[in-house]
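Trainee: Before anything else, here's the structure in question.
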Amino acid sequence: MKTITTHYIGGSFVESHGREMMNVIRPVDSQVIGRVTLADEEDTRCAIAAAKRAFATYGRSTKEERADILRRLHGATSARLDELTAAMVEEYGGVVQFARLIVESGVNAFPAAEKALQEMEWTRNWGKTTVTLEPVGVAGLITAWNANALFICLKLASAVAAGCTVVIKPSELSSLQTQVLIEALHEAKLPNGLLNVVTGLGHVVGAELVRNPDVDKISFTGSVAVGESIMRDGAATMKRVTLELGGKSPTILLDDADLAQAIPAALVLAFMNSGQACAAGTRLLVPKGRLDAVKQAIRDAMRAFTVGDPGDPKIAVGPMVSQKQYDQVQSYIRKGIEEGAEVLVGGEGRPQGLEVGYFVKPTVFVNVTNDMTIAREEIFGPVLGVIAYDSEDEAISIANNSKYGLHAAVLGTDLQRARRVASQLRAGRVVINGMTDDPQAPWGGFKYSGVGREYGRYGIEAFLETRAILEV
Ligand code: NAD
């Protein structure tokens with residue numbers, strides 16, 4: 001049983017002022033594996049004060065100083081890759097292969113930010129005018145539980161590159177993972193107060209960050225409902241906000257797609273991170289004429305999407321993070337059936353042999369229409385809906401007919417055509433022929449999927465203000 005009673009403030013691990021305790025539950029068997037003391041407003045204010053003091057110096061740091069800190073952060077975190085991955089597998093239930101990729105992308109956020117930092121134009125001059133990019137100040141970084149190390153590293157890397165100091169409020173469901181990560185980050189020997197981490201509840205610690213006038217910026221990853229409240233409540237202190245919210249991403253399978261490649265790619269998009277992925281491609285748009293062949297190809301390809309112990313490298317889908325998430329997924333599967341969709345694979349209940357823990361059956365619905373609840377709302381579990389279309393124009397229209405616009409995919413053999421379709425999609429990122437990533441490419445949503453972008457120079461710009469100095 002692990003017990004955590006401290007927060008990371010001003011460069012040290014300090015005992016929590018907040019007294020409330022929370023159990024950490026392991027998703028594979030719902031056993032209590034840890035206890036965490038939750039921060040209160042006082043802990044949060046101490047962390048904000050430490051970040052404010054540190055900003056007086058760090059806000060004036062040079063590009064080289066920031067690059068050096070990013071290199072130290074990279075060294076410190078890459079030394080703990082195995083431990084960070086193991087913590088994600090145990091506490092969150094992420095399947096080991098994907099968890100490792102997530103942790104690696106977190107660790108690699110530091111060199112990626114350094115590259116962008118070196119390439120950005122920080123000062124521009126013309127005539128008697130000088131324009132510089134200045135750090136926005138103290139940043140509050142609030143994260144979700146489905147890729148904890150990645151969100152913390154990514155936001156921290158961009159903020160550090162910009163010259164900001166930070167107070168991180170990780171998801172309370174990621175406390176053990178966060179502890180491993182802070183111990184790693186501590187080894188980077190940062191200036192005191194540059195990095196502060198307070199684990200606590202959203203409506204306590206998160207709300208204090210949003211309301212506190214000494215916090216200049218909030219970078220948030222989480223649900224639309226909380227994103228809306230941050231935008232609304234942050235307005236009182238004119239907070240700058242970046243919001244990375246939910247999705248209901250379309251995957252358009254074009255009629256020239258090779259199903260042997262396209263269907264496994266579509267299922268990876270749908271079921272990555274056990275379906276608990278904001279970018280998950282949960283609406284598969286299929287030409288009507290190929291529907292029968294697609295159904296057969298899905299049945300065949302589903303054999304690779306085994307459910308079970310996330311620590312086993314052969315397993316593709318792990319448990320849901322919590323009872324709440326398990327219940328949510330079950331209720332959506334029930335809703336899909338009630339609204340007339342047909343279960344092609346999966347369905348309600350637990351997979352055979354996995355009667356304890358929060359395991360669900362990876363589920364594919366056919367006969368789905370875009371107005372059904374399962375096609376409109378984010379489920380955040382391994383549930384895919386297949387929607388049939390008549391023409392390319394109709395596919396694009398269905399894809400764009402969503403309140404969300406985070407991610408999308410196009411699958412087809414004619415690359416020119418796939419690019420043409422991609423260019424008409426109202427989403428922050430569109431991948432062609434499978435899931436891929438580029439740490440310099442922007443990430444973020446159109447519409448309800450959020451405000452602003454992360455990654456590369458786009459992520460750094462979100463922590464900057466522009467200042468012009470003009471001489472007579
Ligand atoms: P959530 O909104 O419930 O919680 C996210 C974070 O906000 C947590 O740390 C939580 O404690 C905190 N929070 C809760 N109430 C708050 C308040 N009033 N003020 C400030 N902070 C508060 O989301 P979740 O359940 O942790 O994560 C799942 C959601 O995150 C999904 O909707 C998913 O799509 C989204 N997500 C988006 C991205 C992206 O990059 N766009 C990535 C991952 C997850």
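Letters A, B, ... mark the chains of the structure tokens in the order given; residue numbers begin at 1 per chain; ligand numbers begin at 1, in order shown.
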Mind listing the residues within 8 Å of ligand 1, only C-alpha atoms and all ligand atoms counted, as a PyMOL selection string?

Mentor: chain A and resi 142-147+151+169-173+200-210+220-227+229-230+243-247+276-279+378+380+406+443-445+449-450

Trainee: Restrict the selected residues to C-alpha atoms and save them as a short mmCIF file (atom, residue, chain, number, x, y, z; two decimals), in the first residue's frame.

Mentor:
data_model
loop_
_atom_site.label_atom_id
_atom_site.label_comp_id
_atom_site.auth_asym_id
_atom_site.auth_seq_id
_atom_site.Cartn_x
_atom_site.Cartn_y
_atom_site.Cartn_z
CA ILE A 142 -4.84 20.98 -15.09
CA THR A 143 -4.81 17.45 -16.51
CA ALA A 144 -7.05 14.44 -17.15
CA TRP A 145 -6.31 10.85 -16.06
CA ASN A 146 -6.05 9.05 -19.38
CA ALA A 147 -2.46 10.06 -20.26
CA PHE A 151 -0.18 15.90 -20.38
CA LYS A 169 -3.04 20.08 -10.73
CA PRO A 170 -2.94 16.51 -11.99
CA SER A 171 -6.04 14.36 -12.07
CA GLU A 172 -6.65 12.99 -8.59
CA LEU A 173 -7.04 9.58 -10.28
CA GLY A 200 -6.40 17.50 -5.10
CA LEU A 201 -9.97 17.70 -6.26
CA GLY A 202 -11.02 19.79 -9.23
CA HIS A 203 -13.57 21.90 -7.41
CA VAL A 204 -11.00 22.66 -4.67
CA VAL A 205 -7.49 22.94 -6.18
CA GLY A 206 -8.57 23.45 -9.80
CA ALA A 207 -11.12 26.09 -8.84
CA GLU A 208 -8.53 28.00 -6.76
CA LEU A 209 -6.15 28.07 -9.74
CA VAL A 210 -8.93 29.37 -11.99
CA PHE A 220 -6.57 22.45 -19.24
CA THR A 221 -7.15 18.95 -20.56
CA GLY A 222 -10.47 17.37 -19.65
CA SER A 223 -14.20 17.42 -20.22
CA VAL A 224 -16.31 20.02 -21.99
CA ALA A 225 -18.35 20.71 -18.83
CA VAL A 226 -15.28 21.64 -16.79
CA GLY A 227 -13.76 23.48 -19.77
CA SER A 229 -16.64 26.47 -16.23
CA ILE A 230 -12.95 27.39 -16.55
CA LEU A 243 -8.77 24.03 -23.42
CA GLU A 244 -8.17 20.50 -24.74
CA LEU A 245 -11.57 18.87 -24.51
CA GLY A 246 -13.50 15.92 -25.86
CA GLY A 247 -14.13 14.44 -29.28
CA GLN A 276 -10.32 6.24 -23.30
CA ALA A 277 -8.75 8.61 -25.81
CA CYS A 278 -9.95 12.09 -26.72
CA ALA A 279 -8.87 11.46 -30.32
CA GLU A 378 -18.38 11.11 -26.25
CA PHE A 380 -14.76 7.49 -23.66
CA LEU A 406 -10.68 17.38 -32.43
CA TRP A 443 -3.00 19.54 -31.46
CA GLY A 444 -6.36 20.92 -30.43
CA GLY A 445 -9.96 21.25 -31.38
CA SER A 449 -13.26 20.19 -28.70
CA GLY A 450 -11.52 23.20 -27.27
#

Trainee: Report as a ChimeraX atom specification all protein, DNA and RNA residues lying within 12 Å of Leu253 in chain A, evaluated on only C-alpha atoms, omitting residues in the same chain fewer than 6 positions from it.

Mentor: /A:259,261-267,281,283-291,294,386-392,395-396,399,408-414,417-418,421-422,432-434

Trainee: Only N, CA and C atoms, please: the residues just picked out, written as a tab-separated table (two decimals), in the first residue's frame.

Mentor:
chain	number	residue	atom	x	y	z
A	259	LEU	N	-9.46	-2.95	-47.53
A	259	LEU	CA	-10.01	-3.28	-46.21
A	259	LEU	C	-9.01	-4.03	-45.33
A	261	GLN	N	-6.03	-3.43	-44.84
A	261	GLN	CA	-5.25	-2.46	-44.05
A	261	GLN	C	-6.14	-1.46	-43.33
A	262	ALA	N	-7.20	-1.05	-44.02
A	262	ALA	CA	-8.02	0.05	-43.50
A	262	ALA	C	-8.79	-0.34	-42.24
A	263	ILE	N	-9.33	-1.56	-42.20
A	263	ILE	CA	-10.15	-1.93	-41.03
A	263	ILE	C	-9.30	-2.06	-39.76
A	264	PRO	N	-8.15	-2.78	-39.80
A	264	PRO	CA	-7.32	-2.76	-38.58
A	264	PRO	C	-6.92	-1.34	-38.17
A	265	ALA	N	-6.64	-0.47	-39.16
A	265	ALA	CA	-6.26	0.92	-38.83
A	265	ALA	C	-7.44	1.64	-38.16
A	266	ALA	N	-8.65	1.40	-38.68
A	266	ALA	CA	-9.84	2.05	-38.11
A	266	ALA	C	-10.08	1.56	-36.68
A	267	LEU	N	-9.83	0.27	-36.44
A	267	LEU	CA	-10.06	-0.27	-35.09
A	267	LEU	C	-9.00	0.22	-34.10
A	281	GLY	N	-11.28	7.45	-32.81
A	281	GLY	CA	-12.13	7.52	-34.01
A	281	GLY	C	-13.36	6.65	-33.78
A	283	ARG	N	-16.59	7.11	-34.80
A	283	ARG	CA	-17.63	7.01	-35.84
A	283	ARG	C	-16.93	6.56	-37.11
A	284	LEU	N	-17.23	5.36	-37.57
A	284	LEU	CA	-16.61	4.85	-38.80
A	284	LEU	C	-17.60	5.00	-39.95
A	285	LEU	N	-17.25	5.85	-40.90
A	285	LEU	CA	-18.16	6.16	-42.02
A	285	LEU	C	-17.78	5.28	-43.22
A	286	VAL	N	-18.75	4.49	-43.68
A	286	VAL	CA	-18.48	3.43	-44.65
A	286	VAL	C	-19.41	3.58	-45.85
A	287	PRO	N	-18.88	3.44	-47.10
A	287	PRO	CA	-19.77	3.51	-48.26
A	287	PRO	C	-20.79	2.36	-48.23
A	288	LYS	N	-22.05	2.67	-48.52
A	288	LYS	CA	-23.11	1.66	-48.39
A	288	LYS	C	-22.78	0.38	-49.14
A	289	GLY	N	-22.21	0.53	-50.33
A	289	GLY	CA	-21.94	-0.64	-51.17
A	289	GLY	C	-20.92	-1.59	-50.57
A	290	ARG	N	-20.14	-1.13	-49.61
A	290	ARG	CA	-19.09	-1.99	-49.04
A	290	ARG	C	-19.42	-2.45	-47.61
A	291	LEU	N	-20.65	-2.18	-47.19
A	291	LEU	CA	-21.02	-2.44	-45.80
A	291	LEU	C	-20.83	-3.90	-45.39
A	294	VAL	N	-17.25	-4.76	-45.08
A	294	VAL	CA	-16.67	-4.10	-43.91
A	294	VAL	C	-17.04	-4.87	-42.63
A	386	VAL	N	-20.68	2.21	-36.65
A	386	VAL	CA	-20.49	2.23	-38.11
A	386	VAL	C	-21.70	2.92	-38.74
A	387	ILE	N	-21.42	3.97	-39.51
A	387	ILE	CA	-22.47	4.76	-40.15
A	387	ILE	C	-22.28	4.65	-41.67
A	388	ALA	N	-23.36	4.31	-42.39
A	388	ALA	CA	-23.23	4.15	-43.85
A	388	ALA	C	-23.49	5.48	-44.55
A	389	TYR	N	-22.78	5.67	-45.70
A	389	TYR	CA	-23.01	6.89	-46.50
A	389	TYR	C	-23.11	6.53	-47.98
A	390	ASP	N	-23.74	7.46	-48.76
A	390	ASP	CA	-23.95	7.23	-50.19
A	390	ASP	C	-22.84	7.82	-51.06
A	391	SER	N	-22.41	9.04	-50.70
A	391	SER	CA	-21.44	9.73	-51.58
A	391	SER	C	-20.35	10.36	-50.72
A	392	GLU	N	-19.27	10.73	-51.39
A	392	GLU	CA	-18.15	11.38	-50.68
A	392	GLU	C	-18.64	12.65	-49.98
A	395	ALA	N	-20.39	11.79	-46.88
A	395	ALA	CA	-19.44	11.36	-45.83
A	395	ALA	C	-18.84	12.58	-45.13
A	396	ILE	N	-18.44	13.56	-45.93
A	396	ILE	CA	-17.84	14.77	-45.34
A	396	ILE	C	-18.87	15.50	-44.48
A	399	ALA	N	-19.34	13.60	-41.27
A	399	ALA	CA	-18.15	13.76	-40.42
A	399	ALA	C	-18.18	15.11	-39.69
A	408	ALA	N	-9.66	13.54	-36.85
A	408	ALA	CA	-10.41	12.81	-37.89
A	408	ALA	C	-9.41	11.97	-38.66
A	409	ALA	N	-9.93	10.98	-39.38
A	409	ALA	CA	-9.06	10.13	-40.19
A	409	ALA	C	-9.72	9.86	-41.54
A	410	VAL	N	-8.87	9.72	-42.57
A	410	VAL	CA	-9.36	9.36	-43.90
A	410	VAL	C	-8.55	8.15	-44.35
A	411	LEU	N	-9.26	7.10	-44.81
A	411	LEU	CA	-8.59	5.87	-45.24
A	411	LEU	C	-8.94	5.60	-46.70
A	412	GLY	N	-7.92	5.51	-47.55
A	412	GLY	CA	-8.17	5.25	-48.97
A	412	GLY	C	-6.87	5.07	-49.72
A	413	THR	N	-6.94	4.50	-50.92
A	413	THR	CA	-5.68	4.25	-51.64
A	413	THR	C	-5.27	5.43	-52.53
A	414	ASP	N	-6.24	6.19	-53.04
A	414	ASP	CA	-5.92	7.36	-53.87
A	414	ASP	C	-5.58	8.52	-52.93
A	417	ARG	N	-7.09	12.00	-53.50
A	417	ARG	CA	-8.49	12.07	-53.10
A	417	ARG	C	-8.60	12.15	-51.56
A	418	ALA	N	-7.80	11.32	-50.87
A	418	ALA	CA	-7.83	11.34	-49.40
A	418	ALA	C	-7.46	12.72	-48.88
A	421	VAL	N	-10.37	15.13	-49.36
A	421	VAL	CA	-11.40	14.93	-48.32
A	421	VAL	C	-10.91	15.51	-46.99
A	422	ALA	N	-9.64	15.22	-46.65
A	422	ALA	CA	-9.08	15.70	-45.38
A	422	ALA	C	-9.19	17.22	-45.27
A	432	ILE	N	-4.13	10.59	-42.29
A	432	ILE	CA	-4.48	9.85	-43.50
A	432	ILE	C	-3.86	8.45	-43.41
A	433	ASN	N	-4.71	7.46	-43.57
A	433	ASN	CA	-4.32	6.03	-43.59
A	433	ASN	C	-3.71	5.51	-42.29
A	434	GLY	N	-4.19	6.00	-41.15
A	434	GLY	CA	-3.80	5.38	-39.87
A	434	GLY	C	-3.34	6.41	-38.87

Trainee: When distances are computed from only C-alpha atoms, which of A:Thr132, A:Ser274, A:Ser423, A:Asn401 shows the smallest separation from Val89 in chain A?

Mentor: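 Residue with the minimum atom-to-atom distance to Val89 in chain A: A:Ser274.
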
Trainee: Give me, please, the distance in Å between CA of Lys295 in chain A and CA of Val364 in chain A, quoted to one decimal.

Mentor: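 For CA of Lys295 in chain A relative to CA of Val364 in chain A, the distance reads 9.5 Å.
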
Trainee: Choose the residue, out of A:Ile469, A:Leu181, A:Met320, A:Val24, that has the smallest atom-to-atom separation from Leu84 in chain A; count only C-alpha atoms.

Mentor: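 Using only C-alpha atoms, the shortest distance to Leu84 in chain A belongs to A:Leu181.
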
Trainee: Using only C-alpha atoms, which protein or nucleic acid residues come within 12 Å of Thr165 in chain A? Drop anything in the same chain fewer than 4 positions from it, and give the result as JSON, numbers by chain.

Mentor: {"A": [9, 10, 47, 48, 49, 50, 51, 52, 53, 54, 55, 56, 57, 58, 59, 60, 61, 66, 135, 136, 137, 138, 139, 140, 141, 155, 156, 157, 158, 159, 160, 161, 190, 191, 192, 193, 194, 195, 196, 197, 214, 215, 216, 217, 218, 463]}

Trainee: Since we have the selection now, will you write its residues out, keeping C-alpha atoms, as a PDB file, in the first residue's frame?

Mentor:
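Just written: again-v4.pdb:
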ATOM      1  CA  ILE A   9       6.044  23.264  -3.633  1.00  0.00           C
ATOM      2  CA  GLY A  10       9.020  25.590  -4.087  1.00  0.00           C
ATOM      3  CA  ALA A  47       2.140  26.740  -4.652  1.00  0.00           C
ATOM      4  CA  ILE A  48       0.892  29.785  -6.567  1.00  0.00           C
ATOM      5  CA  ALA A  49       2.970  32.090  -4.322  1.00  0.00           C
ATOM      6  CA  ALA A  50       6.078  29.950  -4.955  1.00  0.00           C
ATOM      7  CA  ALA A  51       5.471  30.080  -8.712  1.00  0.00           C
ATOM      8  CA  LYS A  52       4.975  33.841  -8.555  1.00  0.00           C
ATOM      9  CA  ARG A  53       8.251  34.362  -6.676  1.00  0.00           C
ATOM     10  CA  ALA A  54      10.101  32.151  -9.158  1.00  0.00           C
ATOM     11  CA  PHE A  55       8.612  33.978 -12.130  1.00  0.00           C
ATOM     12  CA  ALA A  56      10.351  37.213 -11.089  1.00  0.00           C
ATOM     13  CA  THR A  57      13.637  35.569 -12.103  1.00  0.00           C
ATOM     14  CA  TYR A  58      12.679  32.791 -14.512  1.00  0.00           C
ATOM     15  CA  GLY A  59      10.446  35.101 -16.544  1.00  0.00           C
ATOM     16  CA  ARG A  60      13.638  36.929 -17.557  1.00  0.00           C
ATOM     17  CA  SER A  61      15.625  33.807 -18.443  1.00  0.00           C
ATOM     18  CA  ARG A  66      15.414  27.517 -20.951  1.00  0.00           C
ATOM     19  CA  PRO A 135       6.053  34.729 -21.011  1.00  0.00           C
ATOM     20  CA  VAL A 136       2.456  35.193 -19.889  1.00  0.00           C
ATOM     21  CA  GLY A 137       3.354  34.602 -16.217  1.00  0.00           C
ATOM     22  CA  VAL A 138       2.281  31.909 -13.754  1.00  0.00           C
ATOM     23  CA  ALA A 139       0.486  29.051 -15.492  1.00  0.00           C
ATOM     24  CA  GLY A 140      -1.969  26.611 -13.918  1.00  0.00           C
ATOM     25  CA  LEU A 141      -1.835  23.240 -15.687  1.00  0.00           C
ATOM     26  CA  LYS A 155       2.274  21.389 -20.828  1.00  0.00           C
ATOM     27  CA  LEU A 156       5.362  21.777 -18.635  1.00  0.00           C
ATOM     28  CA  ALA A 157       7.698  21.675 -21.663  1.00  0.00           C
ATOM     29  CA  SER A 158       5.776  24.407 -23.497  1.00  0.00           C
ATOM     30  CA  ALA A 159       5.479  26.586 -20.390  1.00  0.00           C
ATOM     31  CA  VAL A 160       9.184  26.247 -19.540  1.00  0.00           C
ATOM     32  CA  ALA A 161      10.155  27.056 -23.143  1.00  0.00           C
ATOM     33  CA  LEU A 190      15.077  23.206 -11.468  1.00  0.00           C
ATOM     34  CA  PRO A 191      15.142  26.692  -9.937  1.00  0.00           C
ATOM     35  CA  ASN A 192      12.957  26.557  -6.803  1.00  0.00           C
ATOM     36  CA  GLY A 193       9.336  27.412  -7.517  1.00  0.00           C
ATOM     37  CA  LEU A 194       9.512  26.929 -11.288  1.00  0.00           C
ATOM     38  CA  LEU A 195       7.589  23.666 -10.896  1.00  0.00           C
ATOM     39  CA  ASN A 196       4.893  23.096  -8.258  1.00  0.00           C
ATOM     40  CA  VAL A 197       2.476  20.180  -8.117  1.00  0.00           C
ATOM     41  CA  ASP A 214      -1.854  35.534  -9.413  1.00  0.00           C
ATOM     42  CA  VAL A 215      -2.421  32.822 -12.024  1.00  0.00           C
ATOM     43  CA  ASP A 216      -2.235  34.320 -15.508  1.00  0.00           C
ATOM     44  CA  LYS A 217      -2.989  31.314 -17.674  1.00  0.00           C
ATOM     45  CA  ILE A 218      -4.832  28.005 -17.432  1.00  0.00           C
ATOM     46  CA  PHE A 463       2.101  30.690 -23.012  1.00  0.00           C
TER      47      PHE A 463
END

Trainee: In terms of the shortest atom-to-atom distance over only C-alpha atoms, which of A:Asn148, A:Leu425, A:Val383, A:Gln179 is closest to Gly106 in chain A?

Mentor: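 Among the listed residues, A:Asn148 lies closest to Gly106 in chain A.
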
Trainee: Counting only C-alpha atoms, which of A:Leu117, A:Ala260, A:Val451, A:Ala270 gets nearest to Thr62 in chain A?

Mentor: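 Using only C-alpha atoms, the shortest distance to Thr62 in chain A belongs to A:Leu117.
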
Trainee: Write out as an mmCIF file with all heavy atoms, in the first residue's frame all residues of range 319-352 of chain A that backbone DSSP assigns to alpha helix (DSSP H).

Mentor:
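Here's the written file selection39.cif:
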data_model
loop_
_atom_site.group_PDB
_atom_site.id
_atom_site.type_symbol
_atom_site.label_atom_id
_atom_site.label_comp_id
_atom_site.auth_asym_id
_atom_site.auth_seq_id
_atom_site.Cartn_x
_atom_site.Cartn_y
_atom_site.Cartn_z
ATOM 1 N N GLN A 323 -15.009 2.642 -11.616
ATOM 2 C CA GLN A 323 -16.394 2.157 -11.651
ATOM 3 C C GLN A 323 -17.278 3.138 -12.423
ATOM 4 O O GLN A 323 -18.124 2.740 -13.220
ATOM 5 C CB GLN A 323 -16.900 2.012 -10.202
ATOM 6 C CG GLN A 323 -18.325 1.496 -10.082
ATOM 7 C CD GLN A 323 -18.446 0.021 -10.470
ATOM 8 O OE1 GLN A 323 -17.642 -0.793 -10.045
ATOM 9 N NE2 GLN A 323 -19.426 -0.304 -11.283
ATOM 10 N N LYS A 324 -17.039 4.445 -12.193
ATOM 11 C CA LYS A 324 -17.847 5.475 -12.861
ATOM 12 C C LYS A 324 -17.711 5.360 -14.387
ATOM 13 O O LYS A 324 -18.696 5.411 -15.127
ATOM 14 C CB LYS A 324 -17.366 6.854 -12.381
ATOM 15 C CG LYS A 324 -18.135 8.006 -12.934
ATOM 16 C CD LYS A 324 -17.712 9.308 -12.233
ATOM 17 C CE LYS A 324 -18.210 10.484 -13.025
ATOM 18 N NZ LYS A 324 -17.185 11.445 -13.406
ATOM 19 N N GLN A 325 -16.487 5.161 -14.830
ATOM 20 C CA GLN A 325 -16.236 5.054 -16.269
ATOM 21 C C GLN A 325 -16.832 3.755 -16.820
ATOM 22 O O GLN A 325 -17.394 3.727 -17.910
ATOM 23 C CB GLN A 325 -14.719 5.111 -16.506
ATOM 24 C CG GLN A 325 -14.332 5.499 -17.903
ATOM 25 C CD GLN A 325 -14.803 6.893 -18.277
ATOM 26 O OE1 GLN A 325 -15.035 7.734 -17.425
ATOM 27 N NE2 GLN A 325 -14.991 7.122 -19.571
ATOM 28 N N TYR A 326 -16.733 2.679 -16.038
ATOM 29 C CA TYR A 326 -17.340 1.400 -16.425
ATOM 30 C C TYR A 326 -18.858 1.593 -16.609
ATOM 31 O O TYR A 326 -19.435 1.198 -17.619
ATOM 32 C CB TYR A 326 -17.050 0.327 -15.358
ATOM 33 C CG TYR A 326 -17.801 -0.963 -15.590
ATOM 34 C CD1 TYR A 326 -17.272 -1.964 -16.408
ATOM 35 C CD2 TYR A 326 -19.066 -1.170 -15.026
ATOM 36 C CE1 TYR A 326 -17.979 -3.135 -16.655
ATOM 37 C CE2 TYR A 326 -19.773 -2.329 -15.265
ATOM 38 C CZ TYR A 326 -19.224 -3.312 -16.080
ATOM 39 O OH TYR A 326 -19.936 -4.458 -16.332
ATOM 40 N N ASP A 327 -19.481 2.218 -15.612
ATOM 41 C CA ASP A 327 -20.942 2.423 -15.672
ATOM 42 C C ASP A 327 -21.325 3.283 -16.875
ATOM 43 O O ASP A 327 -22.328 3.038 -17.537
ATOM 44 C CB ASP A 327 -21.446 3.102 -14.387
ATOM 45 C CG ASP A 327 -21.309 2.183 -13.180
ATOM 46 O OD1 ASP A 327 -21.209 0.953 -13.371
ATOM 47 O OD2 ASP A 327 -21.295 2.704 -12.041
ATOM 48 N N GLN A 328 -20.503 4.300 -17.146
ATOM 49 C CA GLN A 328 -20.800 5.196 -18.271
ATOM 50 C C GLN A 328 -20.782 4.422 -19.596
ATOM 51 O O GLN A 328 -21.685 4.565 -20.423
ATOM 52 C CB GLN A 328 -19.769 6.329 -18.299
ATOM 53 C CG GLN A 328 -19.922 7.246 -19.495
ATOM 54 C CD GLN A 328 -19.085 8.510 -19.369
ATOM 55 O OE1 GLN A 328 -19.104 9.181 -18.346
ATOM 56 N NE2 GLN A 328 -18.343 8.832 -20.414
ATOM 57 N N VAL A 329 -19.770 3.590 -19.768
ATOM 58 C CA VAL A 329 -19.661 2.822 -21.013
ATOM 59 C C VAL A 329 -20.855 1.865 -21.137
ATOM 60 O O VAL A 329 -21.488 1.766 -22.197
ATOM 61 C CB VAL A 329 -18.308 2.071 -21.074
ATOM 62 C CG1 VAL A 329 -18.260 1.141 -22.279
ATOM 63 C CG2 VAL A 329 -17.163 3.066 -21.120
ATOM 64 N N GLN A 330 -21.192 1.183 -20.032
ATOM 65 C CA GLN A 330 -22.335 0.255 -20.076
ATOM 66 C C GLN A 330 -23.620 0.987 -20.444
ATOM 67 O O GLN A 330 -24.431 0.495 -21.224
ATOM 68 C CB GLN A 330 -22.522 -0.434 -18.708
ATOM 69 C CG GLN A 330 -21.382 -1.356 -18.316
ATOM 70 C CD GLN A 330 -21.157 -2.489 -19.310
ATOM 71 O OE1 GLN A 330 -22.087 -2.981 -19.932
ATOM 72 N NE2 GLN A 330 -19.912 -2.883 -19.491
ATOM 73 N N SER A 331 -23.797 2.183 -19.885
ATOM 74 C CA SER A 331 -25.056 2.882 -20.138
ATOM 75 C C SER A 331 -25.151 3.313 -21.604
ATOM 76 O O SER A 331 -26.223 3.290 -22.203
ATOM 77 C CB SER A 331 -25.248 4.050 -19.169
ATOM 78 O OG SER A 331 -24.505 5.143 -19.593
ATOM 79 N N TYR A 332 -24.010 3.657 -22.206
ATOM 80 C CA TYR A 332 -24.049 4.025 -23.628
ATOM 81 C C TYR A 332 -24.314 2.798 -24.509
ATOM 82 O O TYR A 332 -25.011 2.892 -25.514
ATOM 83 C CB TYR A 332 -22.747 4.709 -24.051
ATOM 84 C CG TYR A 332 -22.753 6.197 -23.769
ATOM 85 C CD1 TYR A 332 -21.933 6.759 -22.806
ATOM 86 C CD2 TYR A 332 -23.603 7.046 -24.473
ATOM 87 C CE1 TYR A 332 -21.942 8.124 -22.553
ATOM 88 C CE2 TYR A 332 -23.621 8.417 -24.233
ATOM 89 C CZ TYR A 332 -22.787 8.942 -23.263
ATOM 90 O OH TYR A 332 -22.816 10.294 -23.026
ATOM 91 N N ILE A 333 -23.770 1.652 -24.124
ATOM 92 C CA ILE A 333 -24.020 0.450 -24.929
ATOM 93 C C ILE A 333 -25.523 0.130 -24.879
ATOM 94 O O ILE A 333 -26.157 -0.155 -25.903
ATOM 95 C CB ILE A 333 -23.161 -0.746 -24.437
ATOM 96 C CG1 ILE A 333 -21.669 -0.451 -24.681
ATOM 97 C CG2 ILE A 333 -23.562 -2.048 -25.157
ATOM 98 C CD1 ILE A 333 -20.703 -1.501 -24.156
ATOM 99 N N ARG A 334 -26.085 0.247 -23.684
ATOM 100 C CA ARG A 334 -27.533 0.018 -23.515
ATOM 101 C C ARG A 334 -28.329 1.002 -24.366
ATOM 102 O O ARG A 334 -29.266 0.649 -25.062
ATOM 103 C CB ARG A 334 -27.889 0.201 -22.043
ATOM 104 C CG ARG A 334 -28.756 -0.900 -21.518
ATOM 105 C CD ARG A 334 -28.892 -1.002 -20.028
ATOM 106 N NE ARG A 334 -28.375 0.043 -19.199
ATOM 107 C CZ ARG A 334 -27.276 -0.066 -18.441
ATOM 108 N NH1 ARG A 334 -26.565 -1.176 -18.441
ATOM 109 N NH2 ARG A 334 -26.869 0.930 -17.687
ATOM 110 N N LYS A 335 -27.915 2.255 -24.330
ATOM 111 C CA LYS A 335 -28.611 3.315 -25.080
ATOM 112 C C LYS A 335 -28.556 3.025 -26.581
ATOM 113 O O LYS A 335 -29.549 3.202 -27.292
ATOM 114 C CB LYS A 335 -27.915 4.652 -24.761
ATOM 115 C CG LYS A 335 -28.600 5.866 -25.267
ATOM 116 C CD LYS A 335 -29.581 6.367 -24.230
ATOM 117 C CE LYS A 335 -30.333 7.568 -24.718
ATOM 118 N NZ LYS A 335 -31.591 7.753 -24.022
ATOM 119 N N GLY A 336 -27.405 2.568 -27.061
ATOM 120 C CA GLY A 336 -27.262 2.253 -28.479
ATOM 121 C C GLY A 336 -28.259 1.187 -28.896
ATOM 122 O O GLY A 336 -28.922 1.291 -29.940
ATOM 123 N N ILE A 337 -28.394 0.153 -28.056
ATOM 124 C CA ILE A 337 -29.332 -0.938 -28.356
ATOM 125 C C ILE A 337 -30.766 -0.396 -28.333
ATOM 126 O O ILE A 337 -31.544 -0.637 -29.255
ATOM 127 C CB ILE A 337 -29.152 -2.095 -27.342
ATOM 128 C CG1 ILE A 337 -27.750 -2.708 -27.508
ATOM 129 C CG2 ILE A 337 -30.237 -3.159 -27.508
ATOM 130 C CD1 ILE A 337 -27.313 -3.643 -26.391
ATOM 131 N N GLU A 338 -31.086 0.401 -27.307
ATOM 132 C CA GLU A 338 -32.443 0.969 -27.198
ATOM 133 C C GLU A 338 -32.801 1.839 -28.399
ATOM 134 O O GLU A 338 -33.937 1.866 -28.843
ATOM 135 C CB GLU A 338 -32.555 1.842 -25.939
ATOM 136 C CG GLU A 338 -32.747 1.058 -24.651
ATOM 137 C CD GLU A 338 -32.434 1.917 -23.424
ATOM 138 O OE1 GLU A 338 -32.375 3.168 -23.527
ATOM 139 O OE2 GLU A 338 -32.217 1.307 -22.369
#
